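Dropping query22.txt in here (compact mmCIF, C-alpha atoms):
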# COMPACT_ATOMS: atom_id res chain seq x y z
CA MET A 253 27.55 8.53 6.76
CA ASP A 254 30.75 10.43 7.19
CA PRO A 255 32.79 10.83 3.97
CA ASN A 256 35.72 9.37 5.90
CA GLU A 257 33.75 6.17 6.29
CA VAL A 258 33.17 6.00 2.55
CA GLU A 259 36.90 6.40 2.16
CA PHE A 260 37.41 3.68 4.75
CA LEU A 261 35.36 1.33 2.56
CA GLY A 262 37.32 2.44 -0.48
CA GLU A 263 40.61 1.62 1.24
CA LYS A 264 39.77 -2.05 0.81
CA GLN A 265 40.31 -1.84 -2.95
CA LEU A 266 43.52 -3.30 -4.23
CA VAL A 267 46.26 -1.23 -5.83
CA SER A 268 49.55 -2.20 -7.46
CA ILE A 269 52.76 -1.24 -5.73
CA VAL A 270 56.44 -1.94 -6.27
CA PRO A 271 58.01 -2.82 -2.92
CA ASN A 272 61.69 -2.15 -2.21
CA PHE A 273 62.02 -5.04 0.25
CA ASN A 274 61.64 -8.80 0.28
CA PHE A 275 59.04 -10.47 2.43
CA ASP A 276 57.01 -13.68 2.51
CA MET A 277 53.30 -13.92 2.12
CA ILE A 278 51.26 -12.36 4.93
CA HIS A 279 47.97 -14.03 5.82
CA LEU A 280 45.60 -11.28 6.80
CA ILE A 281 42.07 -11.96 8.00
CA SER A 282 40.73 -10.24 4.90
CA GLY A 283 42.88 -12.41 2.63
CA SER A 284 46.51 -13.17 1.94
CA ILE A 285 48.90 -10.69 0.38
CA GLY A 286 52.37 -10.99 -1.05
CA PRO A 287 54.91 -12.43 -1.37
CA PHE A 288 56.87 -9.20 -1.73
CA ARG A 289 59.89 -9.20 -4.03
CA ALA A 290 61.86 -5.99 -4.36
CA GLY A 291 61.18 -4.43 -7.75
CA LEU A 292 58.26 -6.72 -8.68
CA PRO A 293 54.75 -5.26 -8.69
CA VAL A 294 52.23 -6.77 -6.28
CA LYS A 295 48.60 -5.96 -5.45
CA ILE A 296 47.72 -4.97 -1.90
CA PRO A 297 44.87 -3.06 -0.21
CA ILE A 298 45.10 0.72 -0.41
CA TRP A 299 45.29 1.21 3.36
CA LEU A 300 48.44 -0.88 3.47
CA ALA A 301 49.89 0.69 0.34
CA ILE A 302 49.58 4.16 1.83
CA ASN A 303 51.17 3.03 5.06
CA LEU A 304 54.10 1.38 3.29
CA LYS A 305 54.51 4.45 1.12
CA GLN A 306 54.71 6.65 4.21
CA GLN A 307 57.47 4.42 5.50
CA HIS A 308 59.23 4.74 2.12
CA LYS A 309 58.96 1.00 1.59
CA CYS A 310 57.23 1.05 -1.76
CA ARG A 311 56.28 2.97 -4.86
CA ILE A 312 52.57 3.15 -5.70
CA ILE A 313 51.81 2.43 -9.34
CA GLY A 314 48.24 3.66 -9.17
CA GLN A 315 45.15 2.18 -10.77
CA GLU A 316 45.05 1.23 -14.43
CA TRP A 317 42.35 3.79 -15.09
CA MET A 318 44.47 6.60 -13.66
CA ASP A 319 45.50 7.65 -17.13
CA VAL A 320 44.93 11.17 -18.41
CA GLU A 321 43.76 10.08 -21.88
CA ASP A 322 41.33 7.48 -20.52
CA LEU A 323 39.93 9.93 -18.04
CA LYS A 324 39.42 12.54 -20.75
CA ASN A 325 37.49 9.99 -22.80
CA ILE A 326 35.36 9.15 -19.78
CA LYS A 327 34.71 12.84 -19.31
CA GLU A 328 33.56 13.26 -22.93
CA GLU A 329 31.34 10.19 -22.63
CA GLU A 330 29.83 11.55 -19.47
CA LYS A 331 29.15 14.89 -21.14
CA LYS A 332 27.46 13.28 -24.13
CA SER A 333 25.43 10.71 -22.27
CA LYS A 334 22.10 11.60 -20.69
CA VAL A 335 22.36 8.84 -18.10
CA PHE A 336 25.26 8.14 -15.78
CA THR A 337 28.06 6.17 -17.43
CA LYS A 338 29.82 3.37 -15.61
CA MET A 339 32.85 4.56 -13.68
CA PRO A 340 36.07 2.51 -13.62
CA SER A 341 35.71 2.12 -9.86
CA ASN A 342 32.91 2.41 -7.31
CA HIS A 343 35.28 4.57 -5.28
CA TYR A 344 36.96 6.53 -8.08
CA MET A 345 36.78 9.87 -6.29
CA ASP A 346 38.11 8.66 -2.96
CA GLU A 347 40.78 6.48 -4.56
CA VAL A 348 42.17 9.42 -6.46
CA HIS A 349 42.04 11.53 -3.33
CA MET A 350 43.85 8.93 -1.22
CA LEU A 351 46.41 7.70 -3.71
CA LEU A 352 47.35 11.08 -5.12
CA GLY A 353 47.39 12.53 -1.64
CA ALA A 354 49.90 9.95 -0.50
CA ALA A 355 51.90 9.35 -3.64
CA SER A 356 51.61 12.25 -6.07
CA ASP A 357 55.36 11.85 -6.70
CA ASP A 358 54.91 8.23 -7.88
CA ILE A 359 51.97 8.61 -10.22
CA PRO A 360 52.74 10.40 -13.49
CA ASN A 361 50.63 13.46 -14.38
CA ALA A 362 49.11 13.57 -10.91
CA ASP A 363 47.80 17.10 -11.31
CA GLU A 364 46.16 16.40 -14.65
CA ILE A 365 44.52 13.26 -13.28
CA ARG A 366 43.22 15.21 -10.35
CA THR A 367 41.74 17.91 -12.61
CA ALA A 368 40.18 15.37 -14.96
CA VAL A 369 38.56 13.44 -12.12
CA LYS A 370 37.32 16.64 -10.53
CA ASP A 371 35.74 17.60 -13.89
CA ILE A 372 34.04 14.22 -14.16
CA TRP A 373 32.79 14.57 -10.60
CA ASP A 374 31.40 18.05 -11.31
CA ILE A 375 29.61 16.92 -14.47
CA ARG A 376 28.08 13.97 -12.65
CA MET A 377 27.03 15.93 -9.61
CA SER A 378 25.30 18.58 -11.68
CA LYS A 379 23.59 15.83 -13.67
CA LEU A 380 22.56 14.24 -10.41
CA ARG A 381 21.11 17.47 -9.06
CA THR A 382 19.13 18.06 -12.24
CA SER A 383 17.72 14.56 -12.23
CA ILE A 384 16.83 14.73 -8.54
CA ASN A 385 14.97 17.95 -9.23
CA ALA A 386 13.06 16.36 -12.12
CA PHE A 387 12.41 13.23 -10.06
CA LEU A 388 10.96 15.14 -7.13
CA LYS A 389 8.76 17.22 -9.41
CA SER A 390 7.41 14.07 -11.06
CA GLU A 391 6.44 12.83 -7.57
CA GLY A 392 8.06 9.46 -8.19
CA THR A 393 8.29 6.93 -5.39
CA HIS A 394 11.35 4.99 -6.44
CA ALA A 395 14.30 5.53 -8.72
CA LYS A 396 17.05 3.50 -10.28
CA LEU A 397 20.54 4.75 -9.51
CA ASP A 398 22.78 2.51 -11.58
CA HIS A 399 26.43 3.47 -11.93
CA LEU A 400 26.30 6.02 -9.14
CA THR A 401 29.37 5.53 -6.99
CA ALA A 402 29.57 5.31 -3.21
CA MET A 403 30.77 8.86 -2.67
CA GLU A 404 28.13 10.30 -4.99
CA ILE A 405 25.34 8.49 -3.21
CA ASN A 406 26.70 9.62 0.12
CA ASN A 407 26.81 13.17 -1.16
CA VAL A 408 23.06 13.31 -1.83
CA ARG A 409 22.14 11.28 1.22
CA PRO A 410 21.34 14.24 3.45
CA LEU A 411 19.00 15.66 0.82
CA LEU A 412 17.26 13.13 -1.41
CA PRO A 413 15.91 10.53 1.05
CA HIS A 414 14.90 13.29 3.44
CA ALA A 415 13.00 15.18 0.75
CA LEU A 416 11.20 11.99 -0.27
CA ASP A 417 10.35 11.23 3.37
CA GLN A 418 8.75 14.64 3.69
CA MET A 419 6.77 14.10 0.49
CA VAL A 420 5.42 10.81 1.81
CA ARG A 421 4.44 12.57 5.00
CA LEU A 422 2.59 15.29 3.09
CA GLN A 423 0.86 12.68 0.96
CA GLN A 424 -0.31 10.79 4.04
CA ILE A 425 -1.70 13.95 5.58
CA GLY A 426 -3.36 14.79 2.25
CA GLN A 427 -4.98 11.37 2.10
CA ALA A 428 -6.10 11.52 5.70
CA SER A 429 -7.73 14.90 5.27
CA ALA A 430 -9.29 13.83 1.96
CA THR A 431 -11.00 10.86 3.62
CA ALA A 432 -12.05 13.06 6.50
CA ASP A 433 -13.57 15.53 4.02
CA SER A 434 -15.47 12.88 2.12
CA ARG A 435 -16.77 11.43 5.38
CA GLU A 436 -18.00 14.86 6.42
CA GLU A 437 -19.65 15.33 3.07
CA SER A 438 -21.50 12.04 3.25
CA GLN A 439 -22.64 12.92 6.74
CA ASN A 440 -23.95 16.22 5.47
CA MET A 441 -25.70 14.42 2.64
CA SER A 442 -27.44 12.04 5.00
CA SER A 443 -28.54 14.84 7.26
CA ILE A 444 -30.21 16.52 4.29
CA MET B 130 56.52 -16.05 12.14
CA GLU B 131 55.26 -19.09 10.39
CA GLU B 132 53.39 -20.02 13.52
CA VAL B 133 51.08 -17.09 13.05
CA ASP B 134 50.35 -18.10 9.51
CA GLU B 135 49.60 -21.60 10.56
CA VAL B 136 47.24 -20.46 13.25
CA VAL B 137 45.45 -18.17 10.83
CA GLU B 138 45.05 -21.04 8.44
CA GLU B 139 43.91 -23.29 11.24
CA ASN B 140 41.36 -20.69 12.23
CA ALA B 141 40.13 -20.48 8.69
CA GLU B 142 39.87 -24.25 8.53
CA PHE B 143 38.11 -24.33 11.87
CA LEU B 144 35.60 -21.85 10.54
CA GLU B 145 35.09 -23.86 7.43
CA GLU B 146 34.45 -27.01 9.41
CA SER B 147 32.13 -25.31 11.85
CA ASP B 148 29.73 -24.45 9.07
CA GLU B 149 28.13 -27.26 7.16
CA ASP B 150 27.39 -25.16 4.10
CA GLY B 151 31.13 -24.93 3.61
CA GLY B 152 32.94 -21.97 2.15
CA VAL B 153 32.78 -19.93 5.35
CA THR B 154 36.18 -18.37 5.90
CA ALA B 155 37.43 -15.59 8.12
CA GLN B 156 37.29 -13.43 5.02
CA SER B 157 33.62 -14.10 4.35
CA VAL B 158 32.71 -13.57 8.01
CA LEU B 159 34.42 -10.20 7.83
CA GLN B 160 32.44 -9.35 4.72
CA ASP B 161 29.23 -10.38 6.50
CA ILE B 162 30.03 -8.07 9.39
CA GLU B 163 30.78 -5.22 7.04
CA ASN B 164 27.47 -5.74 5.25
CA ALA B 165 25.63 -5.94 8.56
CA TRP B 166 27.33 -2.72 9.63
CA LEU B 167 26.15 -0.84 6.53
CA ASN B 168 22.64 -2.29 6.75
CA GLU B 169 22.39 -1.32 10.40
CA LYS B 170 23.66 2.17 9.67
CA PHE B 171 21.05 2.87 7.01
CA ALA B 172 18.00 0.90 8.11
CA PRO B 173 15.59 2.98 10.20
CA GLU B 174 14.66 0.06 12.47
CA ILE B 175 16.88 -2.37 14.37
CA LEU B 176 17.82 -5.49 12.38
CA PRO B 177 18.32 -9.05 13.61
CA HIS B 178 21.61 -9.24 15.50
CA GLN B 179 24.69 -10.88 14.00
CA SER B 180 26.42 -11.73 17.24
CA ASP B 181 27.57 -15.12 15.92
CA ALA B 182 29.66 -13.43 13.27
CA VAL B 183 30.86 -10.79 15.72
CA GLU B 184 31.86 -13.39 18.33
CA CYS B 185 33.65 -15.40 15.70
CA MET B 186 35.59 -12.40 14.47
CA LEU B 187 36.54 -11.30 17.99
CA GLN B 188 37.85 -14.79 18.65
CA GLN B 189 39.84 -14.64 15.47
CA ILE B 190 41.31 -11.30 16.51
CA SER B 191 42.33 -12.47 19.97
CA HIS B 192 43.97 -15.58 18.47
CA MET B 193 45.85 -13.31 16.14
CA GLU B 194 46.91 -11.02 18.97
CA ASP B 195 48.14 -13.94 21.05
CA ASN B 196 50.29 -15.07 18.20
CA MET B 197 51.58 -11.63 17.50
CA LYS B 198 53.20 -11.56 20.93
CA SER B 199 55.70 -14.08 19.69
CA LEU B 200 56.55 -11.84 16.75
CA GLY B 201 57.96 -9.09 18.91
CA LYS B 202 56.85 -5.51 18.85
CA GLY B 203 57.75 -3.27 15.96
CA SER B 204 58.37 -5.95 13.37
CA MET B 205 56.79 -5.07 10.06
CA LYS B 206 54.60 -8.11 10.05
CA SER B 207 53.09 -7.46 13.45
CA LEU B 208 52.51 -3.81 12.54
CA ILE B 209 50.55 -4.85 9.46
CA HIS B 210 48.49 -7.35 11.40
CA GLN B 211 47.86 -4.76 14.08
CA MET B 212 46.66 -2.26 11.49
CA GLU B 213 44.23 -4.74 10.06
CA ILE B 214 42.93 -5.66 13.50
CA ASN B 215 42.34 -2.00 14.28
CA ARG B 216 40.31 -1.65 11.10
CA ILE B 217 38.16 -4.67 11.96
CA ARG B 218 37.72 -3.46 15.54
CA PHE B 219 36.48 -0.15 14.17
CA ILE B 220 33.82 -1.86 12.05
CA ILE B 221 32.66 -4.05 14.92
CA SER B 222 32.47 -1.25 17.48
CA SER B 223 30.77 1.09 15.04
CA TYR B 224 28.24 -1.66 14.30
CA LEU B 225 27.51 -2.35 17.96
CA ARG B 226 27.39 1.33 18.84
CA CYS B 227 24.90 1.93 16.04
CA ARG B 228 22.63 -0.76 17.49
CA LEU B 229 22.90 0.67 21.00
CA GLU B 230 21.91 4.10 19.70
CA LYS B 231 18.81 2.59 18.11
CA ILE B 232 17.99 0.69 21.29
CA GLU B 233 18.19 3.90 23.32
CA GLN B 234 16.10 5.79 20.82
CA TYR B 235 13.37 3.17 20.37
CA ALA B 236 13.72 1.25 23.65
CA MET B 237 10.01 0.83 24.32
CA HIS B 238 9.07 -0.02 20.76
CA ILE B 239 11.89 -2.54 20.43
CA LEU B 240 11.04 -4.25 23.72
CA THR B 241 7.37 -4.55 22.79
CA GLU B 242 8.29 -6.04 19.41
CA GLU B 243 10.88 -8.30 20.97
CA ALA B 244 8.33 -9.66 23.46
CA GLN B 245 6.28 -10.94 20.52
CA ARG B 246 9.22 -12.85 19.06
CA GLY B 247 10.47 -16.16 20.32
CA ARG B 248 13.72 -16.56 22.17
CA GLU B 249 15.34 -18.10 19.11
CA ASP B 250 14.39 -15.51 16.51
CA GLY B 251 14.77 -12.41 18.67
CA TYR B 252 16.40 -9.42 17.03
CA LEU B 253 18.48 -8.48 20.07
CA SER B 254 21.35 -10.47 21.49
CA SER B 255 20.97 -11.37 25.17
CA ASP B 256 23.31 -8.55 26.22
CA GLU B 257 21.44 -6.04 24.12
CA LEU B 258 18.15 -7.21 25.58
CA ARG B 259 19.48 -6.69 29.09
CA PHE B 260 20.73 -3.25 28.11
CA ALA B 261 17.34 -2.31 26.67
CA LYS B 262 15.53 -3.39 29.82
CA ASP B 263 17.99 -1.62 32.11
CA TYR B 264 17.73 1.49 29.99
CA LEU B 265 13.95 1.52 30.11
CA SER B 266 13.82 0.99 33.87
CA SER B 267 16.39 3.77 34.37
CA ILE B 268 14.24 6.13 32.30
CA GLU B 269 11.20 5.18 34.31
CA LEU B 270 13.05 5.73 37.58
CA LEU B 271 14.27 9.09 36.36
CA PHE B 272 10.77 10.21 35.43
CA ARG B 273 9.38 9.05 38.75
CA THR B 274 11.94 10.66 41.00
CA LEU B 275 12.21 13.83 38.99
CA ALA B 276 8.65 14.62 38.05
CA LEU B 277 5.91 12.05 38.39
CA GLN B 278 5.93 11.80 42.18
CA HIS B 279 5.28 15.51 42.41
CA MET B 280 2.27 15.31 40.13
CA PRO B 281 -1.36 14.94 41.18
CA ASN B 282 -2.36 11.30 41.69
CA VAL B 283 -4.18 10.92 38.39
CA LEU B 284 -1.09 11.91 36.42
CA GLN B 285 1.39 9.73 38.24
CA LYS B 286 1.17 6.74 35.93
CA PHE B 287 4.18 6.06 33.73
CA GLU B 288 2.42 5.53 30.41
CA ILE B 289 4.63 3.51 28.14
CA GLU B 290 2.17 3.51 25.24
CA THR B 291 1.99 7.27 24.93
CA MET B 292 5.75 7.65 25.17
CA THR B 293 6.76 5.09 22.58
CA VAL B 294 8.90 6.43 19.76
CA LYS B 295 8.69 4.32 16.61
CA PRO B 296 11.20 4.29 13.78
CA ASN B 297 9.92 5.70 10.51
CA ILE B 298 9.84 2.58 8.37
CA HIS B 299 8.71 4.65 5.40
CA ALA B 300 12.09 6.38 5.33
CA HIS B 301 13.83 6.13 1.96
CA VAL B 302 17.00 4.10 1.62
CA PHE B 303 19.63 3.48 -1.04
CA LEU B 304 20.13 -0.16 -1.88
CA ARG B 305 21.85 -2.64 -4.16
CA ALA B 306 20.12 -5.87 -5.20
CA ASN B 307 22.27 -8.96 -4.59
CA LYS B 308 20.17 -10.97 -7.00
CA ARG B 309 17.29 -10.53 -9.40
CA ILE B 310 14.13 -9.79 -7.45
CA THR B 311 10.70 -9.39 -9.01
CA GLY B 312 7.41 -7.95 -7.87
CA ILE B 313 8.41 -5.52 -5.17
CA ILE B 314 5.42 -3.41 -4.21
CA VAL B 315 6.34 0.23 -3.75
CA PRO B 316 3.61 1.97 -1.76
CA GLY B 317 2.43 5.34 -3.01
CA THR B 318 -0.80 6.99 -4.06
CA VAL B 319 -1.05 4.06 -6.43
CA ASP B 320 0.92 0.99 -5.38
CA GLU B 321 3.52 0.23 -7.98
CA GLU B 322 5.25 -3.04 -8.75
CA VAL B 323 8.94 -2.99 -9.69
CA ASP B 324 11.66 -5.52 -10.46
CA PHE B 325 15.30 -5.21 -9.40
CA GLU B 326 18.04 -6.60 -11.62
CA GLU B 327 21.05 -8.20 -9.97
CA GLY B 328 23.59 -5.57 -8.99
CA SER B 329 21.31 -2.64 -9.77
CA GLN B 330 21.01 0.30 -7.37
CA HIS B 331 17.79 1.99 -6.30
CA ILE B 332 16.19 4.33 -3.82
CA VAL B 333 12.85 3.21 -2.33
CA GLN B 334 10.92 3.25 0.89
CA TYR B 335 12.44 0.98 3.50
CA SER B 336 9.07 -0.62 4.27
CA ALA B 337 8.93 -2.04 0.72
CA VAL B 338 12.19 -3.96 1.12
CA ALA B 339 12.52 -4.54 4.89
CA ASP B 340 12.19 -8.33 4.62
CA LEU B 341 14.64 -8.50 1.73
CA VAL B 342 17.23 -6.59 3.75
CA LYS B 343 16.80 -9.02 6.62
CA ASN B 344 17.24 -12.11 4.46
CA GLY B 345 20.25 -10.66 2.65
CA ASP B 346 18.82 -10.33 -0.87
CA ILE B 347 19.31 -6.60 -0.68
CA GLN B 348 22.27 -4.62 0.62
CA LEU B 349 21.73 -1.07 1.85
CA ILE B 350 24.32 1.39 0.61

Could the structure of this file be written out as structure tokens, please?
Amino acid sequence: MDPNEVEFLGEKQLVSIVPNFNFDMIHLISGSIGPFRAGLPVKIPIWLAINLKQQHKCRIIGQEWMDVEDLKNIKEEEKKSKVFTKMPSNHYMDEVHMLLGAASDDIPNADEIRTAVKDIWDIRMSKLRTSINAFLKSEGTHAKLDHLTAMEINNVRPLLPHALDQMVRLQQIGQASATADSREESQNMSSI
Amino acid sequence: MEEVDEVVEENAEFLEESDEDGGVTAQSVLQDIENAWLNEKFAPEILPHQSDAVECMLQQISHMEDNMKSLGKGSMKSLIHQMEINRIRFIISSYLRCRLEKIEQYAMHILTEEAQRGREDGYLSSDELRFAKDYLSSIELLFRTLALQHMPNVLQKFEIETMTVKPNIHAHVFLRANKRITGIIVPGTVDEEVDFEEGSQHIVQYSAVADLVKNGDIQLI
């Protein structure tokens, strides 16, 4: 899947904004939003928030977890833990990318948030690569991937499933030739 | 403007009434389509079609567009509705395109499988079935006019069996369990039995979970 499509899915998440206009409730197919009151925070999907921001119609507050201290704690947790810790959002990477890309002037400490999230991402990806390596060497057939987020899964998609597919293929060939060998042997035996 | 809202609500009510289980809203139909889209994208084989949901959503969209005409172009409200419609259109067309790609790739295999299924529980919608048949006959015509007719008599047969491409159902997929599922057999050198907790994520061979994807217990991710 294209990373843009993962982002597309992430754009459904809600984010708080402060509009600078008044408007009644809007009934979208995916659910109702509003009413909008100038100066009062309201939750709307990210795709709409970014659009309104581009039209200078709102200020994006950002997600609750977009806090430098919180993110640093998450980073330490992630470093200490052997398994993957639970992320505040299934789309944390893409949300940061989208929201900070569109509204870095609204969200305080945008640069620090970006660095912290990038660090978390790097730690997790290297952990993921190590565990994939171990998993493939152990010749496992299935694995649990709890707490991996959408973008992370998409990132290993070209590699991991493909590698496993090839291993299955090799195994099948191995089995087929093994049975062929044993059949040959038994034939030889009977001929003796 | 209120008219639009009313119509949307009416639509939602209409949807709710049309389903006896209740609780079916435009919102949940949209979610179903999105799930079907992801499943179709990641499953190696073609899945049962969801044309009911697609039809329903397209109807919803055209209702919405009719009502937007009365809003006048350029008003904020119509722009927002238009944006949402474009997003939904993208999902639907990506979903349908994905199915067409699979039909082209596995045309013969899909048609053979489809012939064994009843009219009611076929995996293809009637349009898709027609497309698959047309596609196959075009391929056959192409082979005949281009090559087969110039071959010696014994080689002139168009052998469907030898040309069939089958999807690799042993391909590995990422998935999320929608509910607790026990006793899934994962094939391997030694068959292994695993349980999935609700909401947990895994990677396994598609063949082990194919039925669970089709009945909605498992979502591919």

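Here CA of Tyr252 in chain B and CA of Glu288 in chain B stand 24.5 Å from one another.
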
Residues within 10 Å of Val408 in chain A, only C-alpha atoms, excluding chain neighbours under 5 positions, as an NGL selection string: :A and (377 or 380-381 or 384 or 403 or 413-414)

Can you spit out the residues from that selection as a short mmCIF file (atom, residue, chain, number, x, y, z; two decimals), in the frame of the given file, using C-alpha atoms?
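out_13.cif was written with the following content:
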data_model
loop_
_atom_site.label_atom_id
_atom_site.label_comp_id
_atom_site.auth_asym_id
_atom_site.auth_seq_id
_atom_site.Cartn_x
_atom_site.Cartn_y
_atom_site.Cartn_z
CA MET A 377 27.03 15.93 -9.61
CA LEU A 380 22.56 14.24 -10.41
CA ARG A 381 21.11 17.47 -9.06
CA ILE A 384 16.83 14.73 -8.54
CA MET A 403 30.77 8.86 -2.67
CA PRO A 413 15.91 10.53 1.05
CA HIS A 414 14.90 13.29 3.44
#

Sort by chain and increasing residue number a table of all residues of chain A within 7 Å of chain B, each with its closest pair of atoms and their distance in Å to one decimal, counting only C-alpha atoms, and write it as CSV.
residue,atom,partner,partner_atom,distance
A:His279,CA,B:Asp134,CA,6.0
A:Leu280,CA,B:His210,CA,6.7
A:Ile281,CA,B:Gln156,CA,5.8
A:Ser282,CA,B:Gln156,CA,4.7
A:Gly283,CA,B:Gln156,CA,6.2
A:Thr393,CA,B:Gly317,CA,6.5
A:His394,CA,B:Val333,CA,4.7
A:Ala395,CA,B:Ile332,CA,5.4
A:Lys396,CA,B:His331,CA,4.3
A:Leu397,CA,B:Gln330,CA,5.0
A:Asp398,CA,B:Gln330,CA,5.1
A:Pro413,CA,B:His301,CA,5.0
A:Leu416,CA,B:His301,CA,6.8
A:Asp417,CA,B:Ala300,CA,5.5

Provide the CA of Met292 in chain B to CA of Ile175 in chain B distance in Å, to one decimal place. 18.5 Å

Long-range neighbours of Asp324 in chain B as a PyMOL selection string, 10 Å cut-off, all atoms listed in the file, 5 positions minimum in chain: chain B and resi 306+309-314

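Here CA of Lys305 in chain A is placed at a distance of 14.2 Å from CA of Gly291 in chain A.
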
Please provide as a ChimeraX atom specification all residues within 12 Å of Glu249 in chain B, with the sequence filter that same-chain residues fewer than 6 positions apart are discarded (counting all atoms listed in the file). /B:177-178,243,255

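Around Lys295 in chain B, within 9 Å and counting only C-alpha atoms, the residues found are Glu174, Gln234, Tyr235, Met237, His238 and Ile239 of chain B, once anything fewer than 5 positions away on its own chain is removed.
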
Could you check which of B:Leu253, B:Ala182, B:Leu208, B:Leu240 is closest to Asn164 in chain B, using all atoms listed in the file? B:Ala182

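Contact shell of His308 in chain A at 12 Å (only C-alpha atoms; same-chain neighbours under 3 positions omitted): Ile269, Val270, Pro271, Asn272, Phe273, Ala301, Ile302, Asn303, Leu304, Lys305, Arg311, Ile312, Ala354, Ala355, Asp357 and Asp358 of chain A.
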
Take the residues that were just selected and, keeping C-alpha atoms, output them as a compact mmCIF listing (two decimals), keeping the file's coordinate frame.
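Wrote again.txt, looks like this:
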# COMPACT_ATOMS: atom_id res chain seq x y z
CA ILE A 269 52.76 -1.24 -5.73
CA VAL A 270 56.44 -1.94 -6.27
CA PRO A 271 58.01 -2.82 -2.92
CA ASN A 272 61.69 -2.15 -2.21
CA PHE A 273 62.02 -5.04 0.25
CA ALA A 301 49.89 0.69 0.34
CA ILE A 302 49.58 4.16 1.83
CA ASN A 303 51.17 3.03 5.06
CA LEU A 304 54.10 1.38 3.29
CA LYS A 305 54.51 4.45 1.12
CA ARG A 311 56.28 2.97 -4.86
CA ILE A 312 52.57 3.15 -5.70
CA ALA A 354 49.90 9.95 -0.50
CA ALA A 355 51.90 9.35 -3.64
CA ASP A 357 55.36 11.85 -6.70
CA ASP A 358 54.91 8.23 -7.88
